[in-house]
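Peer 1: Sending over model07.cif (mmCIF, C-alpha atoms and all ligand atoms).
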```cif
data_my_file
loop_
_atom_site.group_PDB
_atom_site.id
_atom_site.type_symbol
_atom_site.label_atom_id
_atom_site.label_comp_id
_atom_site.auth_asym_id
_atom_site.auth_seq_id
_atom_site.Cartn_x
_atom_site.Cartn_y
_atom_site.Cartn_z
ATOM 1 C CA MET A 1 -113.452 -16.887 -84.033
ATOM 2 C CA ALA A 2 -116.684 -16.276 -85.868
ATOM 3 C CA SER A 3 -115.203 -13.259 -87.651
ATOM 4 C CA GLU A 4 -112.418 -15.229 -89.326
ATOM 5 C CA CYS A 5 -112.532 -16.683 -92.836
ATOM 6 C CA VAL A 6 -110.144 -18.087 -95.429
ATOM 7 C CA LEU A 7 -109.721 -17.454 -99.146
ATOM 8 C CA ALA A 8 -109.838 -20.298 -101.660
ATOM 9 C CA VAL A 9 -108.590 -20.457 -105.248
ATOM 10 C CA ASP A 10 -108.973 -23.439 -107.608
ATOM 11 C CA VAL A 11 -106.793 -22.995 -110.699
ATOM 12 C CA GLY A 12 -108.076 -25.015 -113.663
ATOM 13 C CA GLY A 13 -106.856 -25.471 -117.219
ATOM 14 C CA THR A 14 -109.361 -22.957 -118.577
ATOM 15 C CA SER A 15 -110.863 -21.161 -115.567
ATOM 16 C CA VAL A 16 -109.973 -20.115 -112.035
ATOM 17 C CA LYS A 17 -112.648 -20.428 -109.346
ATOM 18 C CA ALA A 18 -112.252 -18.459 -106.140
ATOM 19 C CA ALA A 19 -114.311 -17.672 -103.044
ATOM 20 C CA VAL A 20 -114.275 -16.544 -99.444
ATOM 21 C CA VAL A 21 -114.850 -19.642 -97.280
ATOM 22 C CA ASP A 22 -116.350 -19.303 -93.826
ATOM 23 C CA ALA A 23 -115.632 -21.344 -90.694
ATOM 24 C CA ARG A 24 -118.313 -23.906 -91.639
ATOM 25 C CA GLY A 25 -116.692 -24.444 -95.043
ATOM 26 C CA ALA A 26 -119.358 -22.570 -97.007
ATOM 27 C CA ALA A 27 -118.378 -20.445 -100.021
ATOM 28 C CA ILE A 28 -119.219 -16.739 -100.023
ATOM 29 C CA ALA A 29 -119.079 -14.530 -103.132
ATOM 30 C CA PRO A 30 -117.703 -17.169 -105.545
ATOM 31 C CA VAL A 31 -116.106 -15.850 -108.731
ATOM 32 C CA THR A 32 -114.884 -17.550 -111.917
ATOM 33 C CA VAL A 33 -112.377 -15.984 -114.312
ATOM 34 C CA PRO A 34 -110.418 -17.313 -117.319
ATOM 35 C CA THR A 35 -106.997 -18.746 -116.402
ATOM 36 C CA SER A 36 -104.032 -16.495 -117.236
ATOM 37 C CA SER A 37 -101.206 -17.887 -119.341
ATOM 38 C CA GLY A 38 -97.934 -18.856 -117.625
ATOM 39 C CA ALA A 39 -97.059 -19.677 -114.020
ATOM 40 C CA ASP A 40 -96.028 -16.147 -112.992
ATOM 41 C CA ALA A 41 -99.159 -14.670 -114.549
ATOM 42 C CA VAL A 42 -101.298 -17.233 -112.703
ATOM 43 C CA ALA A 43 -99.528 -16.394 -109.421
ATOM 44 C CA ASP A 44 -100.268 -12.697 -110.118
ATOM 45 C CA GLN A 45 -103.876 -13.642 -110.812
ATOM 46 C CA VAL A 46 -104.155 -15.597 -107.544
ATOM 47 C CA ALA A 47 -102.753 -12.608 -105.626
ATOM 48 C CA ALA A 48 -105.189 -10.229 -107.354
ATOM 49 C CA LEU A 49 -108.123 -12.526 -106.530
ATOM 50 C CA ALA A 50 -106.910 -12.702 -102.923
ATOM 51 C CA ASP A 51 -106.938 -8.880 -102.744
ATOM 52 C CA GLU A 52 -110.400 -8.726 -104.290
ATOM 53 C CA LEU A 53 -111.797 -11.386 -101.944
ATOM 54 C CA THR A 54 -110.168 -9.771 -98.910
ATOM 55 C CA ALA A 55 -112.135 -6.608 -99.696
ATOM 56 C CA VAL A 56 -115.334 -8.673 -100.042
ATOM 57 C CA ALA A 57 -114.632 -10.445 -96.733
ATOM 58 C CA ASN A 58 -113.836 -7.208 -94.906
ATOM 59 C CA GLY A 59 -117.065 -5.719 -96.234
ATOM 60 C CA ARG A 60 -118.898 -8.539 -94.449
ATOM 61 C CA GLY A 61 -116.970 -8.134 -91.206
ATOM 62 C CA LEU A 62 -114.727 -11.133 -91.909
ATOM 63 C CA THR A 63 -110.941 -11.260 -91.654
ATOM 64 C CA PRO A 64 -109.060 -13.702 -93.931
ATOM 65 C CA VAL A 65 -106.482 -15.743 -92.001
ATOM 66 C CA ALA A 66 -105.128 -18.010 -94.766
ATOM 67 C CA LEU A 67 -105.206 -18.616 -98.518
ATOM 68 C CA GLY A 68 -105.726 -22.061 -100.062
ATOM 69 C CA VAL A 69 -104.611 -22.644 -103.653
ATOM 70 C CA VAL A 70 -105.141 -25.874 -105.591
ATOM 71 C CA VAL A 71 -103.916 -26.715 -109.082
ATOM 72 C CA PRO A 72 -104.227 -29.658 -111.513
ATOM 73 C CA GLY A 73 -101.545 -32.089 -112.637
ATOM 74 C CA LEU A 74 -98.882 -33.905 -110.636
ATOM 75 C CA VAL A 75 -98.692 -31.844 -107.478
ATOM 76 C CA ASP A 76 -96.276 -32.414 -104.592
ATOM 77 C CA GLU A 77 -97.909 -30.757 -101.595
ATOM 78 C CA ASP A 78 -94.825 -31.293 -99.414
ATOM 79 C CA THR A 79 -92.501 -29.220 -101.606
ATOM 80 C CA GLY A 80 -95.209 -26.910 -102.969
ATOM 81 C CA THR A 81 -94.296 -27.884 -106.520
ATOM 82 C CA VAL A 82 -96.292 -28.653 -109.642
ATOM 83 C CA LEU A 83 -94.214 -31.493 -111.093
ATOM 84 C CA LEU A 84 -96.219 -31.567 -114.314
ATOM 85 C CA ALA A 85 -99.463 -29.962 -115.456
ATOM 86 C CA GLY A 86 -100.206 -30.775 -119.091
ATOM 87 C CA ASN A 87 -103.249 -28.476 -119.316
ATOM 88 C CA LEU A 88 -101.220 -25.498 -118.113
ATOM 89 C CA GLY A 89 -97.941 -26.398 -119.838
ATOM 90 C CA TRP A 90 -96.076 -26.375 -116.495
ATOM 91 C CA ARG A 91 -93.172 -28.538 -115.370
ATOM 92 C CA ASP A 92 -91.433 -28.234 -111.969
ATOM 93 C CA VAL A 93 -93.157 -24.969 -111.076
ATOM 94 C CA PRO A 94 -92.664 -23.886 -107.404
ATOM 95 C CA MET A 95 -96.234 -22.585 -107.275
ATOM 96 C CA ARG A 96 -96.566 -22.261 -103.502
ATOM 97 C CA ALA A 97 -93.423 -20.083 -103.353
ATOM 98 C CA LEU A 98 -94.627 -17.968 -106.304
ATOM 99 C CA VAL A 99 -97.891 -17.263 -104.473
ATOM 100 C CA GLU A 100 -96.232 -16.751 -101.068
ATOM 101 C CA LYS A 101 -94.020 -14.038 -102.580
ATOM 102 C CA ARG A 102 -97.127 -12.121 -103.589
ATOM 103 C CA VAL A 103 -99.434 -12.370 -100.559
ATOM 104 C CA SER A 104 -99.105 -11.766 -96.823
ATOM 105 C CA LEU A 105 -101.399 -14.630 -95.725
ATOM 106 C CA PRO A 106 -100.209 -18.157 -94.876
ATOM 107 C CA VAL A 107 -100.624 -20.260 -98.038
ATOM 108 C CA ALA A 108 -101.966 -23.826 -98.142
ATOM 109 C CA PHE A 109 -101.186 -25.544 -101.429
ATOM 110 C CA GLY A 110 -102.763 -28.647 -102.905
ATOM 111 C CA HIS A 111 -104.022 -30.710 -105.818
ATOM 112 C CA ASP A 112 -107.414 -29.962 -107.348
ATOM 113 C CA VAL A 113 -108.814 -33.507 -107.320
ATOM 114 C CA ARG A 114 -107.433 -34.369 -103.868
ATOM 115 C CA ALA A 115 -108.940 -31.085 -102.637
ATOM 116 C CA GLY A 116 -112.242 -32.006 -104.296
ATOM 117 C CA GLY A 117 -112.096 -35.391 -102.592
ATOM 118 C CA LEU A 118 -111.433 -33.696 -99.258
ATOM 119 C CA ALA A 119 -114.406 -31.375 -99.748
ATOM 120 C CA GLU A 120 -116.683 -34.320 -100.581
ATOM 121 C CA ALA A 121 -115.276 -36.171 -97.547
ATOM 122 C CA VAL A 122 -115.973 -33.311 -95.149
ATOM 123 C CA LEU A 123 -118.964 -31.512 -96.664
ATOM 124 C CA GLY A 124 -120.400 -33.807 -99.338
ATOM 125 C CA ALA A 125 -121.117 -37.408 -100.298
ATOM 126 C CA GLY A 126 -118.321 -38.891 -98.154
ATOM 127 C CA ARG A 127 -119.088 -37.044 -94.945
ATOM 128 C CA ASP A 128 -120.379 -40.058 -93.013
ATOM 129 C CA ALA A 129 -117.874 -42.531 -94.443
ATOM 130 C CA GLY A 130 -114.536 -43.823 -93.236
ATOM 131 C CA ASP A 131 -111.684 -44.417 -95.671
ATOM 132 C CA HIS A 132 -112.959 -44.145 -99.224
ATOM 133 C CA LEU A 133 -112.227 -43.371 -102.838
ATOM 134 C CA PHE A 134 -113.163 -40.259 -104.815
ATOM 135 C CA VAL A 135 -113.085 -40.444 -108.605
ATOM 136 C CA ALA A 136 -113.453 -37.379 -110.823
ATOM 137 C CA ILE A 137 -114.409 -38.104 -114.432
ATOM 138 C CA GLY A 138 -114.265 -35.060 -116.656
ATOM 139 C CA THR A 139 -112.032 -34.219 -119.602
ATOM 140 C CA GLY A 140 -109.574 -36.550 -117.844
ATOM 141 C CA VAL A 141 -109.951 -39.053 -115.016
ATOM 142 C CA ALA A 142 -108.287 -38.753 -111.606
ATOM 143 C CA GLY A 143 -108.904 -39.975 -108.092
ATOM 144 C CA ALA A 144 -108.263 -39.244 -104.450
ATOM 145 C CA VAL A 145 -107.613 -41.928 -101.874
ATOM 146 C CA MET A 146 -109.191 -40.607 -98.675
ATOM 147 C CA LEU A 147 -107.436 -42.098 -95.644
ATOM 148 C CA GLU A 148 -108.113 -41.003 -92.074
ATOM 149 C CA GLY A 149 -109.708 -37.761 -93.184
ATOM 150 C CA ALA A 150 -107.037 -36.648 -95.651
ATOM 151 C CA ALA A 151 -106.139 -37.409 -99.266
ATOM 152 C CA TYR A 152 -103.100 -39.670 -99.620
ATOM 153 C CA SER A 153 -100.620 -37.902 -101.915
ATOM 154 C CA GLY A 154 -97.704 -40.276 -102.515
ATOM 155 C CA GLY A 155 -95.372 -37.389 -103.316
ATOM 156 C CA GLY A 156 -97.935 -36.164 -105.841
ATOM 157 C CA TYR A 157 -98.242 -39.449 -107.743
ATOM 158 C CA ALA A 158 -101.120 -41.134 -105.881
ATOM 159 C CA GLY A 159 -104.693 -41.431 -107.077
ATOM 160 C CA GLU A 160 -103.923 -41.655 -110.801
ATOM 161 C CA ILE A 161 -106.754 -44.079 -111.415
ATOM 162 C CA GLY A 162 -107.095 -42.653 -114.940
ATOM 163 C CA HIS A 163 -103.941 -44.486 -115.959
ATOM 164 C CA ILE A 164 -104.923 -47.968 -114.862
ATOM 165 C CA VAL A 165 -104.958 -50.011 -118.079
ATOM 166 C CA VAL A 166 -108.479 -51.275 -118.734
ATOM 167 C CA GLU A 167 -108.149 -52.230 -122.419
ATOM 168 C CA PRO A 168 -104.729 -53.835 -123.016
ATOM 169 C CA ASP A 169 -103.236 -52.468 -126.267
ATOM 170 C CA GLY A 170 -106.233 -50.140 -126.525
ATOM 171 C CA ASP A 171 -106.355 -46.500 -127.625
ATOM 172 C CA ALA A 172 -103.338 -44.249 -127.039
ATOM 173 C CA CYS A 173 -103.439 -42.204 -123.827
ATOM 174 C CA ALA A 174 -101.983 -38.718 -123.290
ATOM 175 C CA CYS A 175 -99.593 -40.267 -120.722
ATOM 176 C CA GLY A 176 -97.857 -42.309 -123.421
ATOM 177 C CA GLY A 177 -99.553 -45.566 -122.458
ATOM 178 C CA ARG A 178 -102.327 -47.471 -124.212
ATOM 179 C CA GLY A 179 -105.782 -48.489 -123.062
ATOM 180 C CA CYS A 180 -105.727 -46.381 -119.885
ATOM 181 C CA LEU A 181 -109.081 -45.674 -118.202
ATOM 182 C CA GLU A 182 -108.713 -42.046 -119.292
ATOM 183 C CA ALA A 183 -108.490 -43.190 -122.942
ATOM 184 C CA VAL A 184 -111.798 -45.064 -122.560
ATOM 185 C CA THR A 185 -114.026 -43.389 -119.973
ATOM 186 C CA SER A 186 -113.128 -39.669 -119.893
ATOM 187 C CA ALA A 187 -115.534 -37.217 -121.517
ATOM 188 C CA ARG A 188 -112.892 -36.553 -124.165
ATOM 189 C CA ALA A 189 -112.446 -40.281 -124.892
ATOM 190 C CA ILE A 190 -116.184 -40.923 -125.088
ATOM 191 C CA ALA A 191 -116.603 -38.099 -127.607
ATOM 192 C CA ARG A 192 -113.578 -39.241 -129.618
ATOM 193 C CA ARG A 193 -114.580 -42.905 -129.701
ATOM 194 C CA TYR A 194 -118.116 -42.036 -130.747
ATOM 195 C CA ALA A 195 -116.812 -39.773 -133.536
ATOM 196 C CA SER A 196 -114.575 -42.539 -134.863
ATOM 197 C CA ARG A 197 -117.505 -44.987 -135.001
ATOM 198 C CA ALA A 198 -120.349 -42.704 -136.045
ATOM 199 C CA GLY A 199 -118.396 -40.065 -137.982
ATOM 200 C CA GLU A 200 -120.018 -37.262 -136.005
ATOM 201 C CA GLU A 201 -118.453 -35.012 -133.375
ATOM 202 C CA VAL A 202 -120.729 -34.598 -130.350
ATOM 203 C CA SER A 203 -120.146 -34.111 -126.619
ATOM 204 C CA ALA A 204 -119.943 -36.982 -124.136
ATOM 205 C CA ALA A 205 -123.249 -35.779 -122.659
ATOM 206 C CA GLU A 206 -124.826 -36.092 -126.114
ATOM 207 C CA VAL A 207 -123.361 -39.594 -126.496
ATOM 208 C CA ALA A 208 -125.012 -40.421 -123.159
ATOM 209 C CA SER A 209 -128.425 -39.244 -124.326
ATOM 210 C CA ARG A 210 -128.054 -41.009 -127.673
ATOM 211 C CA ALA A 211 -127.219 -44.206 -125.784
ATOM 212 C CA VAL A 212 -130.492 -43.872 -123.869
ATOM 213 C CA ALA A 213 -132.278 -43.395 -127.201
ATOM 214 C CA GLY A 214 -130.750 -46.642 -128.492
ATOM 215 C CA ASP A 215 -128.128 -45.278 -130.933
ATOM 216 C CA VAL A 216 -126.017 -48.416 -131.511
ATOM 217 C CA ASP A 217 -122.664 -46.598 -131.638
ATOM 218 C CA ALA A 218 -123.480 -44.553 -128.544
ATOM 219 C CA VAL A 219 -124.529 -47.691 -126.655
ATOM 220 C CA ALA A 220 -121.267 -49.428 -127.586
ATOM 221 C CA VAL A 221 -119.102 -46.469 -126.526
ATOM 222 C CA TRP A 222 -121.050 -45.927 -123.298
ATOM 223 C CA ASP A 223 -120.958 -49.629 -122.372
ATOM 224 C CA ALA A 224 -117.190 -49.700 -122.932
ATOM 225 C CA ALA A 225 -116.828 -46.606 -120.742
ATOM 226 C CA VAL A 226 -118.802 -48.243 -117.936
ATOM 227 C CA ALA A 227 -116.847 -51.497 -118.310
ATOM 228 C CA GLY A 228 -113.551 -49.596 -118.188
ATOM 229 C CA LEU A 229 -114.538 -47.764 -115.031
ATOM 230 C CA ALA A 230 -115.733 -50.991 -113.406
ATOM 231 C CA GLU A 231 -112.405 -52.662 -114.193
ATOM 232 C CA ALA A 232 -110.334 -49.758 -112.829
ATOM 233 C CA LEU A 233 -112.437 -49.708 -109.659
ATOM 234 C CA ARG A 234 -112.053 -53.485 -109.324
ATOM 235 C CA VAL A 235 -108.277 -52.992 -109.230
ATOM 236 C CA CYS A 236 -108.646 -50.249 -106.607
ATOM 237 C CA LEU A 237 -110.990 -52.398 -104.512
ATOM 238 C CA CYS A 238 -108.488 -55.252 -104.471
ATOM 239 C CA VAL A 239 -105.823 -52.952 -103.026
ATOM 240 C CA LEU A 240 -107.793 -50.553 -100.845
ATOM 241 C CA ALA A 241 -111.201 -52.110 -100.091
ATOM 242 C CA PRO A 242 -112.871 -48.707 -99.668
ATOM 243 C CA GLU A 243 -116.337 -48.816 -98.124
ATOM 244 C CA LEU A 244 -117.503 -46.048 -100.427
ATOM 245 C CA VAL A 245 -116.732 -44.772 -103.929
ATOM 246 C CA VAL A 246 -117.795 -41.182 -104.666
ATOM 247 C CA VAL A 247 -118.046 -40.447 -108.396
ATOM 248 C CA GLY A 248 -117.714 -36.789 -109.383
ATOM 249 C CA GLY A 249 -116.601 -34.686 -112.343
ATOM 250 C CA GLY A 250 -118.649 -33.603 -115.340
ATOM 251 C CA LEU A 251 -119.571 -37.122 -116.448
ATOM 252 C CA ALA A 252 -121.198 -37.806 -113.061
ATOM 253 C CA ALA A 253 -124.021 -35.580 -114.318
ATOM 254 C CA ALA A 254 -125.179 -38.708 -116.188
ATOM 255 C CA GLY A 255 -126.228 -39.957 -112.737
ATOM 256 C CA GLU A 256 -127.833 -43.385 -112.634
ATOM 257 C CA GLN A 257 -127.208 -43.882 -116.353
ATOM 258 C CA LEU A 258 -123.556 -44.217 -115.333
ATOM 259 C CA LEU A 259 -123.805 -45.507 -111.764
ATOM 260 C CA GLY A 260 -126.576 -48.099 -112.290
ATOM 261 C CA PRO A 261 -124.733 -50.129 -114.956
ATOM 262 C CA LEU A 262 -121.452 -49.501 -113.110
ATOM 263 C CA ARG A 263 -122.783 -51.167 -109.953
ATOM 264 C CA ALA A 264 -124.182 -54.048 -112.031
ATOM 265 C CA ARG A 265 -120.914 -54.534 -113.881
ATOM 266 C CA MET A 266 -118.926 -54.475 -110.642
ATOM 267 C CA ALA A 267 -121.259 -56.999 -109.031
ATOM 268 C CA GLU A 268 -120.642 -59.233 -112.055
ATOM 269 C CA ARG A 269 -116.849 -58.907 -111.938
ATOM 270 C CA LEU A 270 -116.144 -58.941 -108.207
ATOM 271 C CA THR A 271 -115.585 -62.291 -106.566
ATOM 272 C CA PHE A 272 -114.674 -62.025 -102.883
ATOM 273 C CA GLN A 273 -113.997 -58.280 -102.629
ATOM 274 C CA ARG A 274 -115.917 -56.039 -100.287
ATOM 275 C CA VAL A 275 -118.556 -54.335 -102.438
ATOM 276 C CA PRO A 276 -118.517 -50.582 -101.814
ATOM 277 C CA ARG A 277 -121.440 -48.215 -101.992
ATOM 278 C CA VAL A 278 -121.121 -46.195 -105.216
ATOM 279 C CA VAL A 279 -122.681 -42.734 -104.974
ATOM 280 C CA PRO A 280 -122.617 -39.483 -106.951
ATOM 281 C CA ALA A 281 -120.609 -36.522 -105.656
ATOM 282 C CA GLU A 282 -122.685 -33.729 -104.124
ATOM 283 C CA LEU A 283 -120.616 -30.580 -104.532
ATOM 284 C CA GLY A 284 -120.248 -30.485 -108.325
ATOM 285 C CA GLU A 285 -117.678 -28.157 -109.832
ATOM 286 C CA ARG A 286 -117.341 -26.211 -106.563
ATOM 287 C CA ALA A 287 -115.605 -29.137 -104.831
ATOM 288 C CA GLY A 288 -112.031 -28.098 -105.676
ATOM 289 C CA CYS A 289 -112.537 -24.534 -104.443
ATOM 290 C CA LEU A 290 -114.231 -25.695 -101.224
ATOM 291 C CA GLY A 291 -111.367 -28.155 -100.735
ATOM 292 C CA ALA A 292 -108.864 -25.313 -101.133
ATOM 293 C CA GLY A 293 -110.770 -23.537 -98.354
ATOM 294 C CA LEU A 294 -110.563 -26.606 -96.109
ATOM 295 C CA LEU A 295 -106.810 -26.864 -96.752
ATOM 296 C CA ALA A 296 -106.453 -23.208 -95.785
ATOM 297 C CA TRP A 297 -108.366 -23.797 -92.541
ATOM 298 C CA ARG A 298 -106.145 -26.796 -91.766
ATOM 299 C CA GLU A 299 -103.077 -24.601 -92.331
ATOM 300 C CA VAL A 300 -104.075 -22.294 -89.483
ATOM 301 C CA ARG A 301 -106.146 -24.719 -87.378
ATOM 302 C CA PRO A 302 -104.442 -28.117 -87.750
HETATM 303 ZN ZN ZN B 1 -102.572 -43.016 -119.386
#
```
Can you present the structure in this file as structure tokens?
Peer 2:
Amino acid sequence: MASECVLAVDVGGTSVKAAVVDARGAAIAPVTVPTSSGADAVADQVAALADELTAVANGRGLTPVALGVVVPGLVDEDTGTVLLAGNLGWRDVPMRALVEKRVSLPVAFGHDVRAGGLAEAVLGAGRDAGDHLFVAIGTGVAGAVMLEGAAYSGGGYAGEIGHIVVEPDGDACACGGRGCLEAVTSARAIARRYASRAGEEVSAAEVASRAVAGDVDAVAVWDAAVAGLAEALRVCLCVLAPELVVVGGGLAAAGEQLLGPLRARMAERLTFQRVPRVVPAELGERAGCLGAGLLAWREVRP
């Protein structure tokens, strides 16, 4: 029915993005608020946002029929549990149940990056593609394996491209490993590696512009980041042979400065593998919230 809508909430480490999402998947009245501290407080916050957005929807003649909530970390959609979310300090949190206790709508529950991948697959850069790979490079690095129109979850453990080792015995990673992609190519890693070479703390975006300007340390750090990403994708291509790789997250703002050398490096390293198209994501930081909306629609209209 044209008068139905869903509500979407994307819980992040520092902010919560929420919106009413219409039947075409478009966001109405998006809001962003700082994330509350603690799982119960976040569940309260989600319920309060749902109330607020219901009023907004009703004011526009729309009736919410479901609520989609996505969160970061290791997320098991089947049990509705956050197994581990480092940014939020959560372990084994039954988030779907906590939200369901507080709202009357059916609740769809998912993972932020898989939801972002779903949104790109349906509404963004992957909309005309078959099976493909979505990679989000921000503070951390994560991926979504898009198979037959949905993100493969693997009990919550799939898509962790950020922990493919790209520099054996390289820098320590937050996961306990060494030389993971996330320790080389994330925005945090790029800033850290530049600081350790140049003795100056600047953002990854600034490292990117200094690399363009020819700063030797910035060029070295950026090249290593591109090489790391190319290697991690090479591993993925060997296993999955996606026809398309969609690159999103904050670092994707570097655009062709990232994707141009990435394509070149992959062409150099690949031997027989099918070479995928590598394109930037289209939905930016709204992808997770839009994906939460799509999950909510799928909850009531499978
Ligand atoms: Zn790791």
Peer 1: Identify, counting all atoms listed in the file, the protein, DNA and RNA residues located within 7 Å of ligand ZN 1 (chain B), and give them as an NGL selection string.
Peer 2: :A and (162-163 or 173-178 or 180 or 182-183)
Peer 1: Given the selection you just returned, output its residues as a file containing C-alpha atoms, formatted as a PDB file, keeping the file's coordinate frame.
Peer 2:
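See part_12.pdb below for the written result:
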```pdb
ATOM      1  CA  GLY A 162    -107.095 -42.653-114.940  1.00  0.00           C
ATOM      2  CA  HIS A 163    -103.941 -44.486-115.959  1.00  0.00           C
ATOM      3  CA  CYS A 173    -103.439 -42.204-123.827  1.00  0.00           C
ATOM      4  CA  ALA A 174    -101.983 -38.718-123.290  1.00  0.00           C
ATOM      5  CA  CYS A 175     -99.593 -40.267-120.722  1.00  0.00           C
ATOM      6  CA  GLY A 176     -97.857 -42.309-123.421  1.00  0.00           C
ATOM      7  CA  GLY A 177     -99.553 -45.566-122.458  1.00  0.00           C
ATOM      8  CA  ARG A 178    -102.327 -47.471-124.212  1.00  0.00           C
ATOM      9  CA  CYS A 180    -105.727 -46.381-119.885  1.00  0.00           C
ATOM     10  CA  GLU A 182    -108.713 -42.046-119.292  1.00  0.00           C
ATOM     11  CA  ALA A 183    -108.490 -43.190-122.942  1.00  0.00           C
TER      12      ALA A 183
END
```
Peer 1: I'd like the contact shell of A:Asp217 - 9 Å cut-off, all atoms listed in the file, skipping same-chain residues fewer than 5 positions apart - returned as a PyMOL selection string.
Peer 2: chain A and resi 194+197-198+207+210-211+222
Peer 1: Using the selection just defined, write its residues with C-alpha atoms as a compact mmCIF listing (two decimals), keeping the file's coordinate frame.
Peer 2:
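The resulting file, selection_25.txt, is reproduced below:
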```txt
# COMPACT_ATOMS: atom_id res chain seq x y z
CA TYR A 194 -118.12 -42.04 -130.75
CA ARG A 197 -117.50 -44.99 -135.00
CA ALA A 198 -120.35 -42.70 -136.04
CA VAL A 207 -123.36 -39.59 -126.50
CA ARG A 210 -128.05 -41.01 -127.67
CA ALA A 211 -127.22 -44.21 -125.78
CA TRP A 222 -121.05 -45.93 -123.30
```
Peer 1: Enter the distance from atom CA of A:Val113 to atom CA of A:Leu67, in Å, rounded to one decimal.
Peer 2: 17.7 Å
Peer 1: Could you state which residues are captured by the PyMOL selection byres (((chain A and resi 296-301) around 6) and not hetatm) in this file, as a tab-separated table (two decimals) with C-alpha atoms, in the frame of the given file?
Peer 2:
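Output below, filename selection24.tsv:
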```tsv
chain	number	residue	atom	x	y	z
A	66	ALA	CA	-105.13	-18.01	-94.77
A	67	LEU	CA	-105.21	-18.62	-98.52
A	68	GLY	CA	-105.73	-22.06	-100.06
A	108	ALA	CA	-101.97	-23.83	-98.14
A	293	GLY	CA	-110.77	-23.54	-98.35
A	294	LEU	CA	-110.56	-26.61	-96.11
A	295	LEU	CA	-106.81	-26.86	-96.75
A	302	PRO	CA	-104.44	-28.12	-87.75
```
Peer 1: Neighbouring residues of A:Leu251 were defined as those with any atom within 9 Å, considering all atoms listed in the file; residues of the same chain fewer than 2 positions away were excluded. Please report them as a PyMOL selection string.
Peer 2: chain A and resi 136-139+186-187+204-205+247-249+253-255+258
